[in-house]
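Following: one structure in structure tokens, then a few remarks.
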Amino acid sequence: MTEAAPAPLAPGFDDGVMDATRCFRTILTAMARPAGILDLPVRPPAPAGLNAGVAAVLLTLADADTPVWLGPGVETPEARDHLRFHAGCPLVDDPARAVFAVLPADGDLAPLDALSLGTAEYPDRSATVILKADGLSDTAGPWFSGPGILVRRRLAVIPAAADLWPRIRANGRDFPRGLDWIFATPESVAALPRTAKVED
């Protein structure tokens, strides 16, 4: 019996350096302006399991020194092959070893409990969560305040797991330890660093 041919590898950035630079600036701006929704400057083809936003974030941030964990709902052979080839990042089966953890925003977020929160001495050793979403809105969802937000700003993630916002609210209690969050749709990104506070 002849084995089925592997699925063709989705291409990465058209211009690796320039596209990654433009995406990096967008992600950096998203982190500096928590809960702000920014259009992706580049929308690379995405393999099965990911979307253009998640693919762009990982192709920009992941490398040989940043282990990536792909959770249920995003982990596919195509996604693994894509990241190994284009980003050269190690893919780990244990989320506790991950620098970046990827999940659907409406999926089971319980595995995030295993992620590194860093330490008081080395808070930078925490993980970053990348959540795959269909859409983002600034007219619904919780209100946020904190550094980078002039007064307050609203953000909704569509769709979202019921425990997403309680997790993010609890995330700030151990500052400077904690997770950073990036939300990626096919067209846009938003971020919530651990400094962002969910308002009551």
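Naming works like this for the structure tokens: A, B, ... for the chains as they're shown, residue 1 at the start of each chain, ligands 1 onward in shown order.
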Residues of range 42-192 of chain A classed as helix (DSSP H, G or I) by DSSP on the backbone are to be reported as an mmCIF file with C-alpha atoms, in the first residue's frame.
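Contents of selection36.cif, freshly written:
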data_model
loop_
_atom_site.group_PDB
_atom_site.id
_atom_site.type_symbol
_atom_site.label_atom_id
_atom_site.label_comp_id
_atom_site.auth_asym_id
_atom_site.auth_seq_id
_atom_site.Cartn_x
_atom_site.Cartn_y
_atom_site.Cartn_z
ATOM 1 C CA ALA A 52 -2.853 34.078 10.176
ATOM 2 C CA GLY A 53 -2.490 36.034 13.402
ATOM 3 C CA VAL A 54 -1.118 33.141 15.434
ATOM 4 C CA ALA A 55 1.203 32.184 12.566
ATOM 5 C CA ALA A 56 2.485 35.774 12.292
ATOM 6 C CA VAL A 57 3.105 36.046 16.052
ATOM 7 C CA LEU A 58 4.972 32.751 16.218
ATOM 8 C CA LEU A 59 7.035 33.398 13.080
ATOM 9 C CA THR A 60 8.005 36.731 14.649
ATOM 10 C CA LEU A 61 8.726 35.711 18.241
ATOM 11 C CA PRO A 77 0.933 17.795 12.145
ATOM 12 C CA GLU A 78 0.757 20.718 9.713
ATOM 13 C CA ALA A 79 1.241 23.288 12.482
ATOM 14 C CA ARG A 80 4.168 21.373 13.967
ATOM 15 C CA ASP A 81 5.895 21.001 10.584
ATOM 16 C CA HIS A 82 5.258 24.659 9.779
ATOM 17 C CA LEU A 83 6.824 25.948 12.997
ATOM 18 C CA ARG A 84 9.758 23.563 12.918
ATOM 19 C CA PHE A 85 10.605 24.613 9.360
ATOM 20 C CA HIS A 86 9.883 28.362 9.417
ATOM 21 C CA PRO A 95 3.440 23.140 28.912
ATOM 22 C CA ALA A 96 5.647 23.685 31.975
ATOM 23 C CA ARG A 97 8.641 23.845 29.615
ATOM 24 C CA ALA A 110 -6.706 24.354 32.417
ATOM 25 C CA PRO A 111 -3.277 23.419 30.963
ATOM 26 C CA LEU A 112 -2.226 27.045 31.485
ATOM 27 C CA ASP A 113 -1.962 26.252 35.199
ATOM 28 C CA ALA A 114 1.290 24.426 34.397
ATOM 29 C CA PRO A 123 9.917 37.579 36.394
ATOM 30 C CA ASP A 124 11.040 37.572 32.752
ATOM 31 C CA ARG A 125 11.231 33.788 32.884
ATOM 32 C CA LEU A 164 -10.670 33.417 30.490
ATOM 33 C CA TRP A 165 -11.304 36.708 32.295
ATOM 34 C CA PRO A 166 -11.220 35.213 35.810
ATOM 35 C CA ARG A 167 -7.822 33.754 34.916
ATOM 36 C CA ILE A 168 -6.543 37.091 33.653
ATOM 37 C CA ARG A 169 -7.913 38.841 36.746
ATOM 38 C CA ALA A 170 -6.092 36.344 38.995
ATOM 39 C CA ASN A 171 -2.951 36.630 36.879
ATOM 40 C CA GLY A 172 -2.129 40.098 38.212
ATOM 41 C CA ARG A 173 -2.209 39.112 41.872
ATOM 42 C CA ASP A 174 1.353 37.786 41.930
#
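Summary of the local environment: counting only C-alpha atoms, residues at most 9 Å from Pro159 in chain A, other than itself and those fewer than 6 positions away along its chain, are Pro104, Ala105, Asp106, Ala133, Asp134, Gly135 and Leu136 of chain A.
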Write out, as a PDB file, in the first residue's frame, the residues just selected, with C-alpha atoms.
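Once everything was written out, this is again_29.pdb:
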ATOM      1  CA  PRO A 104      -7.953  28.356  21.177  1.00  0.00           C
ATOM      2  CA  ALA A 105      -9.451  31.237  23.165  1.00  0.00           C
ATOM      3  CA  ASP A 106     -12.629  29.214  23.708  1.00  0.00           C
ATOM      4  CA  ALA A 133      -9.603  33.848  18.329  1.00  0.00           C
ATOM      5  CA  ASP A 134     -12.115  34.571  15.584  1.00  0.00           C
ATOM      6  CA  GLY A 135     -12.564  38.235  16.486  1.00  0.00           C
ATOM      7  CA  LEU A 136     -11.787  41.067  18.895  1.00  0.00           C
TER       8      LEU A 136
END
Give me the residues within 12 Å of range 24-26 of chain A as a list in words, counting only C-alpha atoms and dropping any in the same chain fewer than 6 places off. Gly16, Val17, Met18, Ala32, Arg33, Gly36, Ile37, Leu38, Asp39, Leu40, Pro41, Val42, Gly53, Ala56, Val57, Leu58, Leu59, Thr60, Leu61, Ala62, Ile182, Ala184, Ser188, Val189, Ala190 and Ala191 of chain A
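Across the model, the gap from CA of Ala196 in chain A to CA of Trp143 in chain A is 10.0 Å.
Proximity of A:Thr128, A:Val99, A:Asp108, A:Asn51 to Gly178 in chain A, computed with only C-alpha atoms, is greatest for A:Thr128.
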Pairwise distance for CA of Ala156 in chain A and CA of Val74 in chain A, rounded to one decimal in Å: 20.7 Å
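When only C-alpha atoms are used to compute distances to Ala101 in chain A, the closest of the residues A:Ile27, A:Ala161, A:Cys89, A:Leu70 turns out to be A:Leu70.
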Would you list, as a compact mmCIF listing (two decimals) with C-alpha atoms, in the first residue's frame, the residues of range 12-152 of chain A that end up in strand (DSSP E) under DSSP run on this structure's backbone?
# COMPACT_ATOMS: atom_id res chain seq x y z
CA LEU A 38 -4.19 46.48 16.03
CA ASP A 39 -4.40 45.34 12.42
CA VAL A 68 6.51 26.29 22.05
CA TRP A 69 3.64 24.19 23.35
CA LEU A 70 0.63 23.68 21.07
CA PHE A 100 5.01 30.29 24.33
CA ALA A 101 1.78 28.35 24.83
CA VAL A 102 -0.89 28.35 22.13
CA LEU A 103 -4.55 27.46 22.63
CA PRO A 104 -7.95 28.36 21.18
CA THR A 128 3.46 34.08 27.14
CA VAL A 129 0.03 32.76 26.19
CA ILE A 130 -1.07 33.12 22.55
CA LEU A 131 -4.80 32.57 22.13
CA LYS A 132 -6.36 31.91 18.74
CA GLY A 135 -12.56 38.24 16.49
CA LEU A 136 -11.79 41.07 18.90
CA SER A 137 -14.00 43.98 19.93
CA TRP A 143 -12.74 47.16 31.15
CA PHE A 144 -8.98 47.36 31.72
CA SER A 145 -6.70 49.91 33.31
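With only C-alpha atoms as the atoms that count, the residue of A:Ile158, A:Val151, A:Glu187, A:Gly141 with the shortest distance to Arg43 in chain A is A:Glu187.
Atom to atom, CA of Pro45 in chain A and CA of Leu179 in chain A stand 27.6 Å apart.
Between Ala30 in chain A and the residues A:Glu75, A:Glu199, A:Asp180, A:Asp14, the shortest atom-to-atom distance, using only C-alpha atoms, involves A:Asp180.
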